[in-house]
Each structure stands twice: as C-alpha cells, then as structure tokens.
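For reference, final33.csv (CSV, C-alpha atoms):
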```csv
chain,number,residue,atom,x,y,z
A,227,MET,CA,126.5,119.3,90.5
A,228,LYS,CA,125.8,117.1,87.6
A,229,LYS,CA,122.7,118.2,85.8
A,230,PHE,CA,119.9,116.4,83.9
A,231,ASN,CA,119.6,116.0,80.2
A,232,ILE,CA,116.0,116.3,78.9
A,233,PHE,CA,114.7,114.3,75.9
A,234,THR,CA,111.4,115.7,74.7
A,235,ILE,CA,109.3,113.1,72.8
A,236,LEU,CA,107.3,114.7,69.9
A,237,VAL,CA,104.2,112.5,69.6
A,238,CYS,CA,101.5,112.3,66.9
A,239,ILE,CA,98.3,111.9,68.9
A,240,LEU,CA,95.2,110.2,67.4
A,241,ILE,CA,92.1,111.6,69.1
A,242,ASN,CA,89.1,109.2,69.5
A,243,GLY,CA,85.8,109.8,71.0
A,244,GLY,CA,97.3,79.3,94.9
A,245,CYS,CA,100.2,81.2,96.6
A,246,LEU,CA,102.2,81.4,99.8
A,247,ILE,CA,101.5,84.5,101.8
A,248,ASN,CA,103.8,86.1,104.3
A,249,THR,CA,102.1,89.1,105.9
A,250,GLU,CA,104.3,92.1,106.9
A,251,ASN,CA,102.4,95.1,108.1
A,252,ASN,CA,105.2,97.6,108.5
A,253,ILE,CA,108.0,98.9,106.3
A,254,VAL,CA,111.1,99.6,108.5
A,255,GLY,CA,114.3,101.6,108.2
A,256,LEU,CA,115.4,105.1,108.8
A,257,CYS,CA,115.0,107.7,106.0
A,258,ASP,CA,116.1,111.2,105.1
A,259,THR,CA,113.7,114.1,105.3
A,260,ILE,CA,113.2,116.8,102.7
A,261,SER,CA,111.6,119.8,104.3
A,262,ILE,CA,109.6,122.3,102.2
A,263,ASP,CA,108.3,125.8,103.2
A,264,VAL,CA,105.3,126.0,100.9
A,265,LYS,CA,104.7,129.7,101.7
A,266,THR,CA,107.9,130.8,99.9
A,267,PRO,CA,107.8,129.5,96.3
A,268,SER,CA,110.2,131.0,93.8
A,269,GLU,CA,111.2,130.9,90.2
A,270,ILE,CA,113.4,128.0,89.2
A,271,LEU,CA,115.4,128.3,86.0
A,272,LEU,CA,115.5,125.2,83.9
A,273,SER,CA,119.2,125.8,83.3
A,274,SER,CA,119.9,125.5,87.0
A,275,PHE,CA,119.4,121.7,86.9
A,276,VAL,CA,119.3,120.8,83.1
A,277,ASP,CA,122.3,120.9,80.8
A,278,ASN,CA,120.5,120.5,77.5
A,279,VAL,CA,117.1,119.6,75.8
A,280,THR,CA,116.9,117.3,72.9
A,281,TYR,CA,113.7,116.7,70.8
A,282,VAL,CA,112.9,113.3,69.4
A,283,SER,CA,110.3,113.2,66.7
A,284,LEU,CA,108.5,109.8,66.6
A,285,GLU,CA,107.8,108.2,63.2
A,286,THR,CA,104.1,108.3,62.3
A,287,ASN,CA,102.5,105.4,60.4
A,288,LYS,CA,99.4,103.2,60.8
A,289,LYS,CA,101.0,101.0,63.5
A,290,SER,CA,102.8,103.7,65.4
A,291,VAL,CA,100.1,106.4,66.0
A,292,LEU,CA,99.4,106.9,69.7
A,293,SER,CA,96.3,107.9,71.5
A,294,ALA,CA,98.2,108.6,74.7
A,295,VAL,CA,101.6,108.1,76.5
A,296,ASP,CA,100.6,106.3,79.7
A,297,LYS,CA,104.0,105.0,80.6
A,298,MET,CA,107.4,104.6,79.0
A,299,TYR,CA,110.8,102.9,79.4
A,300,VAL,CA,114.1,103.3,77.6
A,301,TYR,CA,116.0,100.1,77.2
A,302,LYS,CA,119.0,99.3,74.9
A,303,ASP,CA,118.5,102.4,72.7
A,304,GLU,CA,114.8,101.8,72.3
A,305,ILE,CA,111.8,103.7,73.7
A,306,TYR,CA,108.8,101.6,74.9
A,307,ILE,CA,105.5,103.5,75.2
A,308,LEU,CA,102.4,102.0,76.8
A,309,ASP,CA,99.1,103.1,75.1
A,310,LYS,CA,96.3,101.8,77.3
A,311,LYS,CA,93.6,102.8,74.9
A,312,GLN,CA,95.1,100.5,72.3
A,313,ASP,CA,96.2,97.9,74.9
A,314,ALA,CA,99.6,97.9,73.2
A,315,ILE,CA,103.2,98.8,73.7
A,316,ILE,CA,104.7,100.7,70.8
A,317,VAL,CA,108.5,100.6,70.4
A,318,PHE,CA,110.7,103.2,68.7
A,319,SER,CA,114.4,103.7,68.4
A,320,VAL,CA,115.9,106.6,70.5
A,321,GLU,CA,116.1,108.5,67.2
A,322,GLY,CA,112.3,108.1,66.8
A,323,GLU,CA,112.2,105.3,64.2
A,324,PHE,CA,109.2,102.9,64.6
A,325,LYS,CA,110.5,99.4,65.4
A,326,ARG,CA,107.5,97.2,66.4
A,327,LYS,CA,104.2,97.0,68.2
A,328,ILE,CA,103.6,94.5,71.0
A,329,ASP,CA,99.9,93.7,70.7
A,330,ARG,CA,98.9,90.3,72.2
A,331,LYS,CA,95.3,91.0,73.1
A,332,GLY,CA,93.1,87.9,73.3
A,333,ASN,CA,92.1,84.9,75.3
A,334,GLY,CA,94.8,82.5,74.3
A,335,PRO,CA,98.1,81.5,75.9
A,336,GLY,CA,100.4,84.5,76.4
A,337,GLU,CA,97.6,86.9,75.6
A,338,TYR,CA,95.9,89.5,77.8
A,339,ILE,CA,92.5,91.1,78.0
A,340,GLU,CA,93.8,94.5,79.0
A,341,ILE,CA,97.2,96.0,79.9
A,342,SER,CA,96.9,97.4,83.4
A,343,ASP,CA,100.6,98.3,83.6
A,344,PHE,CA,103.9,97.2,82.2
A,345,SER,CA,107.6,97.1,83.2
A,346,ILE,CA,111.0,96.1,81.9
A,347,ASP,CA,113.7,94.5,84.0
A,348,THR,CA,116.7,96.2,82.5
A,349,SER,CA,119.1,93.6,84.1
A,350,ASN,CA,117.8,90.8,81.9
A,351,GLY,CA,115.5,92.3,79.3
A,352,PHE,CA,112.2,90.7,80.3
A,353,LEU,CA,109.1,92.7,79.8
A,354,LEU,CA,106.2,92.3,82.2
A,355,ILE,CA,102.5,93.0,81.4
A,356,SER,CA,99.9,92.9,84.2
A,357,ASP,CA,96.3,92.2,83.4
A,358,THR,CA,93.9,92.8,86.4
A,359,ASN,CA,91.0,91.3,84.5
A,360,THR,CA,92.5,87.8,84.7
A,361,ARG,CA,94.9,88.6,87.6
A,362,LYS,CA,97.7,87.3,85.4
A,363,LEU,CA,101.3,88.5,85.0
A,364,HIS,CA,102.7,87.8,81.6
A,365,LEU,CA,106.5,87.8,80.8
A,366,TYR,CA,107.7,88.5,77.3
A,367,GLN,CA,111.1,89.1,75.7
A,368,THR,CA,111.4,92.8,74.7
A,369,SER,CA,111.0,91.5,71.1
A,370,GLY,CA,107.4,90.7,72.0
A,371,ASP,CA,107.9,86.9,72.1
A,372,PHE,CA,106.0,85.3,74.9
A,373,TYR,CA,107.9,83.6,77.7
A,374,LYS,CA,105.6,82.6,80.6
A,375,SER,CA,102.4,83.5,82.5
A,376,TYR,CA,101.8,83.6,86.2
A,377,GLN,CA,98.5,83.5,88.0
A,378,SER,CA,98.2,85.9,90.9
A,379,SER,CA,95.7,86.3,93.6
A,380,ARG,CA,96.3,90.0,93.7
A,381,LEU,CA,94.9,92.7,91.4
A,382,ASN,CA,98.3,94.2,90.5
A,383,SER,CA,97.0,97.4,89.0
A,384,PHE,CA,100.5,98.9,89.0
A,385,CYS,CA,103.6,96.9,88.8
A,386,GLU,CA,107.4,96.8,88.4
A,387,LEU,CA,109.7,93.9,87.6
A,388,PHE,CA,112.9,93.6,89.5
A,389,ASP,CA,115.3,90.6,89.7
A,390,LYS,CA,112.6,87.9,89.2
A,391,GLN,CA,110.3,89.7,91.6
A,392,VAL,CA,107.2,91.8,91.0
A,393,LEU,CA,106.4,94.8,93.2
A,394,SER,CA,102.7,95.5,92.7
A,395,TYR,CA,100.1,97.9,93.9
A,396,SER,CA,96.5,96.7,94.1
A,397,ASP,CA,94.6,100.0,94.0
A,398,ASN,CA,91.8,98.0,95.8
A,399,ASN,CA,89.2,99.1,93.2
A,400,LEU,CA,87.2,96.0,93.9
A,401,TYR,CA,87.4,96.3,97.7
A,402,SER,CA,88.7,92.7,97.8
A,403,GLU,CA,92.2,93.3,99.1
A,404,LYS,CA,93.5,93.6,102.6
A,405,PHE,CA,96.8,95.1,101.6
A,406,ASN,CA,97.8,97.5,98.8
A,407,LEU,CA,101.5,96.7,98.2
A,408,HIS,CA,102.8,93.3,97.3
A,409,LEU,CA,106.2,91.7,96.6
A,410,ILE,CA,105.7,88.6,94.5
A,411,SER,CA,108.5,86.1,93.8
A,412,LEU,CA,108.2,84.6,90.3
A,413,GLU,CA,110.4,81.7,91.3
A,414,ASN,CA,108.3,80.3,94.1
A,415,ASN,CA,105.1,82.3,93.9
A,416,LYS,CA,105.5,83.6,97.4
A,417,THR,CA,103.8,86.9,98.2
A,418,THR,CA,104.8,89.3,100.9
A,419,ASP,CA,102.1,92.0,101.7
A,420,TYR,CA,102.7,95.6,102.9
A,421,LEU,CA,100.6,98.7,103.6
A,422,PRO,CA,97.4,97.3,105.2
A,423,ILE,CA,94.1,98.8,104.0
A,424,ASP,CA,92.0,100.4,106.6
A,425,PRO,CA,88.4,99.1,106.1
A,426,ASN,CA,87.1,102.6,107.1
A,427,LEU,CA,89.1,104.3,104.4
A,428,LYS,CA,88.6,102.0,101.4
A,429,ASP,CA,87.0,104.7,99.3
A,430,PHE,CA,90.1,107.0,99.6
A,431,GLN,CA,92.6,104.2,99.3
A,432,SER,CA,91.1,102.9,96.1
A,433,ARG,CA,90.6,106.2,94.3
A,434,THR,CA,93.9,107.9,95.0
A,435,GLY,CA,96.3,105.3,93.7
A,436,GLY,CA,100.0,104.7,93.9
A,437,GLN,CA,103.1,105.2,91.7
A,438,PHE,CA,106.3,103.4,91.0
A,439,MET,CA,109.5,105.0,89.8
A,440,LYS,CA,113.1,103.9,89.4
A,441,ASN,CA,116.2,105.8,90.4
A,442,HIS,CA,119.7,106.0,88.9
A,443,GLU,CA,120.8,102.8,90.6
A,444,GLY,CA,117.8,100.9,89.1
A,445,HIS,CA,116.1,100.6,92.5
A,446,ILE,CA,112.3,100.7,92.5
A,447,LEU,CA,110.8,103.6,94.4
A,448,PHE,CA,107.2,103.8,95.4
A,449,LYS,CA,104.7,106.2,97.0
A,450,GLU,CA,101.0,106.5,97.6
A,451,SER,CA,99.4,109.5,96.1
A,452,LEU,CA,98.3,111.2,99.3
A,453,GLY,CA,101.3,109.9,101.3
A,454,TYR,CA,104.5,111.6,102.3
A,455,ASN,CA,106.8,108.6,102.4
A,456,ILE,CA,109.0,107.4,99.6
A,457,TYR,CA,109.8,103.6,99.8
A,458,LYS,CA,112.7,101.8,98.1
A,459,LEU,CA,113.0,98.2,96.9
A,460,ASP,CA,116.5,96.8,96.5
A,461,SER,CA,118.1,93.4,97.0
A,462,SER,CA,117.6,93.6,100.8
A,463,GLY,CA,113.8,94.2,100.6
A,464,ILE,CA,111.5,97.2,101.0
A,465,LYS,CA,112.4,100.0,103.3
A,466,ASN,CA,111.7,103.7,104.0
A,467,TYR,CA,113.8,106.0,101.8
A,468,TYR,CA,112.6,109.6,102.0
A,469,PHE,CA,110.0,111.6,103.9
A,470,ILE,CA,108.5,114.8,102.4
A,471,ASP,CA,107.9,117.2,105.3
A,472,PHE,CA,105.4,120.0,104.6
A,473,GLY,CA,105.3,121.1,108.3
A,474,GLU,CA,101.9,122.6,109.3
A,475,TYR,CA,100.5,122.0,105.8
A,476,LYS,CA,100.8,118.2,106.1
A,477,MET,CA,97.5,116.5,105.9
A,478,PRO,CA,96.6,115.3,109.4
A,479,GLU,CA,96.5,111.6,109.9
A,480,ASN,CA,92.9,111.6,111.1
A,481,TYR,CA,91.7,113.7,108.1
A,482,PHE,CA,90.2,110.8,106.3
A,483,ARG,CA,88.3,109.6,109.4
A,484,SER,CA,86.3,112.8,109.5
A,485,GLU,CA,83.0,113.1,107.7
A,486,ILE,CA,84.3,114.1,104.3
A,487,LYS,CA,83.3,113.0,100.8
A,488,PHE,CA,85.9,112.3,98.1
A,489,ASP,CA,84.8,115.4,96.1
A,490,GLU,CA,85.4,117.6,99.2
A,491,LEU,CA,88.9,116.1,99.5
A,492,ILE,CA,89.7,117.1,95.9
A,493,TYR,CA,88.4,120.7,96.5
A,494,SER,CA,90.4,121.0,99.6
A,495,LEU,CA,93.6,120.0,97.7
A,496,ASN,CA,92.8,122.4,94.9
A,497,ASP,CA,92.2,125.3,97.3
A,498,GLY,CA,95.6,124.8,99.0
A,499,LYS,CA,94.4,123.8,102.4
A,500,TYR,CA,97.1,121.1,102.5
A,501,ALA,CA,100.2,120.3,100.6
A,502,VAL,CA,100.3,116.9,99.0
A,503,TYR,CA,102.9,115.1,96.8
A,504,PRO,CA,101.0,113.5,93.9
A,505,THR,CA,103.4,112.7,91.1
A,506,ILE,CA,107.0,111.9,89.9
A,507,PHE,CA,110.1,111.4,92.0
A,508,MET,CA,113.3,111.4,90.0
A,509,GLU,CA,116.7,110.8,91.5
A,510,THR,CA,120.2,110.8,90.2
A,511,LYS,CA,123.4,110.4,92.2
A,512,GLU,CA,123.3,114.1,93.1
A,513,ILE,CA,119.8,115.5,92.4
A,514,ILE,CA,116.2,114.7,93.4
A,515,PHE,CA,113.4,116.3,91.3
A,516,PHE,CA,109.7,116.0,92.1
A,517,ARG,CA,106.4,117.8,91.9
A,518,TYR,CA,103.8,118.6,94.6
A,519,GLN,CA,100.5,120.3,94.9
A,520,PHE,CA,99.5,123.2,97.2
A,521,GLY,CA,96.5,124.6,95.4
A,522,ASP,CA,98.5,124.7,92.2
A,523,TYR,CA,101.4,122.4,91.1
A,524,ARG,CA,105.0,123.2,92.0
A,525,HIS,CA,108.4,121.6,91.5
A,526,ILE,CA,111.3,120.8,93.8
A,527,THR,CA,115.0,120.4,92.9
A,528,TYR,CA,117.0,119.0,95.9
A,529,ASP,CA,120.8,118.8,96.0
A,530,LYS,CA,121.7,115.7,97.8
A,531,ILE,CA,125.2,116.9,98.5
A,532,SER,CA,124.4,120.3,100.0
A,533,LYS,CA,121.0,119.2,101.3
A,534,LYS,CA,119.6,122.4,99.8
A,535,SER,CA,116.4,122.7,97.7
A,536,ASP,CA,114.7,125.1,95.4
A,537,HIS,CA,110.9,125.0,95.0
A,538,GLY,CA,108.3,126.8,93.0
A,539,TYR,CA,107.7,127.4,89.3
A,540,ILE,CA,110.0,126.4,86.5
A,541,THR,CA,110.9,128.8,83.8
A,542,ASP,CA,112.4,127.4,80.6
A,543,ASP,CA,115.3,129.7,80.0
A,544,ILE,CA,116.9,127.2,77.5
A,545,ASN,CA,114.3,127.1,74.7
A,546,TYR,CA,111.8,129.5,76.3
A,547,LEU,CA,108.9,127.1,76.0
A,548,PHE,CA,106.3,125.8,78.5
A,549,PHE,CA,107.8,123.3,80.8
A,550,VAL,CA,106.1,119.9,80.9
A,551,SER,CA,106.7,117.6,83.8
A,552,PRO,CA,108.8,114.5,82.8
A,553,ILE,CA,107.4,111.0,83.2
A,554,TYR,CA,110.5,108.8,83.1
A,555,ILE,CA,114.2,108.9,84.2
A,556,ASN,CA,117.1,106.9,82.7
A,557,ASN,CA,120.3,107.6,84.6
A,558,ASN,CA,120.5,111.4,84.4
A,559,GLU,CA,118.2,111.7,81.4
A,560,MET,CA,114.6,112.8,81.9
A,561,TYR,CA,111.9,112.1,79.3
```

Written as structure tokens, how would this file's structure read?
Amino acid sequence: MKKFNIFTILVCILINGGCLINTENNIVGLCDTISIDVKTPSEILLSSFVDNVTYVSLETNKKSVLSAVDKMYVYKDEIYILDKKQDAIIVFSVEGEFKRKIDRKGNGPGEYIEISDFSIDTSNGFLLISDTNTRKLHLYQTSGDFYKSYQSSRLNSFCELFDKQVLSYSDNNLYSEKFNLHLISLENNKTTDYLPIDPNLKDFQSRTGGQFMKNHEGHILFKESLGYNIYKLDSSGIKNYYFIDFGEYKMPENYFRSEIKFDELIYSLNDGKYAVYPTIFMETKEIIFFRYQFGDYRHITYDKISKKSDHGYITDDINYLFFVSPIYINNNEMY
C-alpha cells in the first residue's frame, strides 16, 4: 500500500482583535459504501499510512504574514494560501520563500469586495475568486493578472474551478436560493442546479455548510456537512461516489423536522448521540483518509484494495508530536 507524505506548513500568525437554468433535483449513480463501527475506536499509528513528514517554514515579511490559513492549493511548485481576513491570497514556493500577494480588493474591473472562496484549475493555470457580495466570479492568471469576470445569479459561497466549469455551493445564508449545489459553465453561462433546499429546513441547511475537495485524479469531490454522501464531478457530470455508513448511529432523515433548535443540534453532536462526517475527505489511488465526529473527533484510514479500514485516534510515532488534521491533498501528499 502506497502511503502518504505529509508536508507541515510552519506559519507565522498575526493575531488581530441573466443565465440559462436547467434544474436537476437528483444526483444519480451507484456508489461504494464505507461502514464504520463507532463503538470500537482504536489507536492508529501515523506510520501505518504516512511515509515521512517534511516541515516547510514560510518566509515572514510585511507582505507574507498571515492571520489564518483558510484554504490552500499547491500548483507548479508554489503554495497558494487564502487569508480571508486580509481578503488576499499569499503565494510561497514549496520551499517556503515568499513569492507574491494577490490582493485586488476594490470596486473596479477585476476587483472584488471580499473573497468568499478561491480555486485553481491545475489543468490550465487559471485562478478563480468568488465574491458573494457582488455575486461575481473572477478569473485570474496564477500570476495575479486579471483575465475576465462573470456575473452569477447564485451566491457561490464555496467554489471549485474545473475545465471551464465552476462547481459552487450557495450556503443559502440569505435564504434566497432554491438549490444549494450549482454547476456553472463559463463558456455559455448555463447553470445546472442540484440538491434542492427544503423550505422547512432552511436554518439547518444554511448554517452547516458544504465542502469541496479534490482527489488524486483531479476530480472534484463534494459533501454537505451533516450528510453521508460523497459526490464526484468529472467530465461526465456529478454522480454519487461514496456513502459513509454509521449504522444505528446515522442521524435519522426526519431528525431536522422535529422541534429542535440549532444549538440543541450542536449539543447532540458533541454528546455523541449521532455520528456525523464534518470535515476532509482525501483520496489517493489506494487510500482514503477522512475525519468524523462522534462526540469527539476521530479519523479513518480506508484501504481501497483490501476494503479494510482503521478508525480512532492517531498517534504520531514518527516525530512524536500532536497530529493536526490536513487541509489539502496533492497526489499522495497531505498538507
């Protein structure tokens, strides 16, 4: 089994107080199931799925200091880090040298009010910035040079760029959307909508969010925070990919229809009443790695060849340090 390589980024943190619409309700396709018995967690040694850990110290200067790492990409030996507080993307070499800062905040052509999300299409080098304030999608070269802007009727709170298409998630925080997931063609401005929003569940569907990831083949993967389905976008469209099965601890489908407030939901998750899959899903040719919550947070390593999995708590037996969940995968490298 080919293991991951981990690159740990050492960061200096500065602490401061008119479209065509084609509606598709369902995502089709068979998918594989990963079953988890949450009652039997175990210790997972880092060395069982990681070959080595490399530390990258980022250069610190007036332009490169970060307040947070909200998202990152690695493209052509450069690390792109989104800092939402600065509304900028800071670029380093993979050795940690500061290269440039993409900061186009303003009201003029090619400028944004706020960066809601960003993405890089690694097949052609375009960088996408979504601004929900103006509902615009801005395309730049990775050098930061402006290319073109697109007006969208969707919020596009989270987005990924793939082969002249944008897969976006609305997050519905203005209660103005009828669907949460959108596939937007930049060539003809045609939008296909998925995942209809239930009017009775707006509060939950707008406060739990969604997440995009990419696998080793460059396909975009997507999940909703309190959902159990992993979806995949490739050249043939969006389809079901994996289903995470927690058995009797799966949150029942009618759970949100009961008289429950959002704060009560959070408490029930923290107390371990149900198992949910909130963050990260990383896939190589042979391994799947993700995290779930059942009271506390646990990790899964799933061998796609043997169909066997380990789940529980990770012990760093390589450098004997506290294990921090990765936020990005590039081939078989986790960051």

Contacts of Gly453 in chain A at 9 Å (all atoms listed in the file; same-chain gap of 4+ positions) as a list in words: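 That gives Lys449, Ile470, Met477, Val502, Tyr503 and Pro504 of chain A.
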
Might you pull out every residue within 7 Å of range 356-368 of chain A, with only C-alpha atoms counted and same-chain residues fewer than 2 positions away left off, and present them as number ranges by chain? A: 336, 338-344, 351-354, 370-383

Output C-alpha atoms of each residue in that selection to a file, as a PDB file, keeping the file's coordinate frame.
```pdb
ATOM      1  CA  GLY A 336     100.400  84.500  76.400  1.00  0.00           C
ATOM      2  CA  TYR A 338      95.900  89.500  77.800  1.00  0.00           C
ATOM      3  CA  ILE A 339      92.500  91.100  78.000  1.00  0.00           C
ATOM      4  CA  GLU A 340      93.800  94.500  79.000  1.00  0.00           C
ATOM      5  CA  ILE A 341      97.200  96.000  79.900  1.00  0.00           C
ATOM      6  CA  SER A 342      96.900  97.400  83.400  1.00  0.00           C
ATOM      7  CA  ASP A 343     100.600  98.300  83.600  1.00  0.00           C
ATOM      8  CA  PHE A 344     103.900  97.200  82.200  1.00  0.00           C
ATOM      9  CA  GLY A 351     115.500  92.300  79.300  1.00  0.00           C
ATOM     10  CA  PHE A 352     112.200  90.700  80.300  1.00  0.00           C
ATOM     11  CA  LEU A 353     109.100  92.700  79.800  1.00  0.00           C
ATOM     12  CA  LEU A 354     106.200  92.300  82.200  1.00  0.00           C
ATOM     13  CA  GLY A 370     107.400  90.700  72.000  1.00  0.00           C
ATOM     14  CA  ASP A 371     107.900  86.900  72.100  1.00  0.00           C
ATOM     15  CA  PHE A 372     106.000  85.300  74.900  1.00  0.00           C
ATOM     16  CA  TYR A 373     107.900  83.600  77.700  1.00  0.00           C
ATOM     17  CA  LYS A 374     105.600  82.600  80.600  1.00  0.00           C
ATOM     18  CA  SER A 375     102.400  83.500  82.500  1.00  0.00           C
ATOM     19  CA  TYR A 376     101.800  83.600  86.200  1.00  0.00           C
ATOM     20  CA  GLN A 377      98.500  83.500  88.000  1.00  0.00           C
ATOM     21  CA  SER A 378      98.200  85.900  90.900  1.00  0.00           C
ATOM     22  CA  SER A 379      95.700  86.300  93.600  1.00  0.00           C
ATOM     23  CA  ARG A 380      96.300  90.000  93.700  1.00  0.00           C
ATOM     24  CA  LEU A 381      94.900  92.700  91.400  1.00  0.00           C
ATOM     25  CA  ASN A 382      98.300  94.200  90.500  1.00  0.00           C
ATOM     26  CA  SER A 383      97.000  97.400  89.000  1.00  0.00           C
TER      27      SER A 383
END
```

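Across the model, the gap from CA of Thr541 in chain A to CA of Ser273 in chain A is 8.8 Å.
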
Shortest interatomic distance to Leu292 in chain A - which of A:Ser261, A:Gln312, A:Ser274, A:Thr510, counting all atoms listed in the file: A:Gln312

Coordinates-based distance that separates CA of Thr527 in chain A from CA of Phe388 in chain A (Å, one decimal):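 Here the two named atoms are 27.1 Å from each other.
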
Spatial neighbours of Asp471 in chain A, 12 Å, all atoms listed in the file, chain gap at least 3 places, as a ChimeraX atom specification: /A:257-264,453-456,468,474-477,500-503,518

Generate the output file for the selected residues, C-alpha atoms, as a CSV table (one decimal), in the coordinates of the input.
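Now in out.csv:
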```csv
chain,number,residue,atom,x,y,z
A,257,CYS,CA,115.0,107.7,106.0
A,258,ASP,CA,116.1,111.2,105.1
A,259,THR,CA,113.7,114.1,105.3
A,260,ILE,CA,113.2,116.8,102.7
A,261,SER,CA,111.6,119.8,104.3
A,262,ILE,CA,109.6,122.3,102.2
A,263,ASP,CA,108.3,125.8,103.2
A,264,VAL,CA,105.3,126.0,100.9
A,453,GLY,CA,101.3,109.9,101.3
A,454,TYR,CA,104.5,111.6,102.3
A,455,ASN,CA,106.8,108.6,102.4
A,456,ILE,CA,109.0,107.4,99.6
A,468,TYR,CA,112.6,109.6,102.0
A,474,GLU,CA,101.9,122.6,109.3
A,475,TYR,CA,100.5,122.0,105.8
A,476,LYS,CA,100.8,118.2,106.1
A,477,MET,CA,97.5,116.5,105.9
A,500,TYR,CA,97.1,121.1,102.5
A,501,ALA,CA,100.2,120.3,100.6
A,502,VAL,CA,100.3,116.9,99.0
A,503,TYR,CA,102.9,115.1,96.8
A,518,TYR,CA,103.8,118.6,94.6
```

Give the answer as one residue: which of A:Asn287, A:Asn333, A:Asn556, A:Ser535 has the shortest atom-to-atom distance to Phe275 in chain A, using only C-alpha atoms?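 For Phe275 in chain A, the nearest of the given residues is A:Ser535.
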
Hey, what's within 12 Å of Arg326 in chain A if we count all atoms listed in the file and toss same-chain stuff fewer than 2 positions away? As a ChimeraX atom specification, please? /A:285,287-291,304-307,314-319,322-324,328-329,368-371
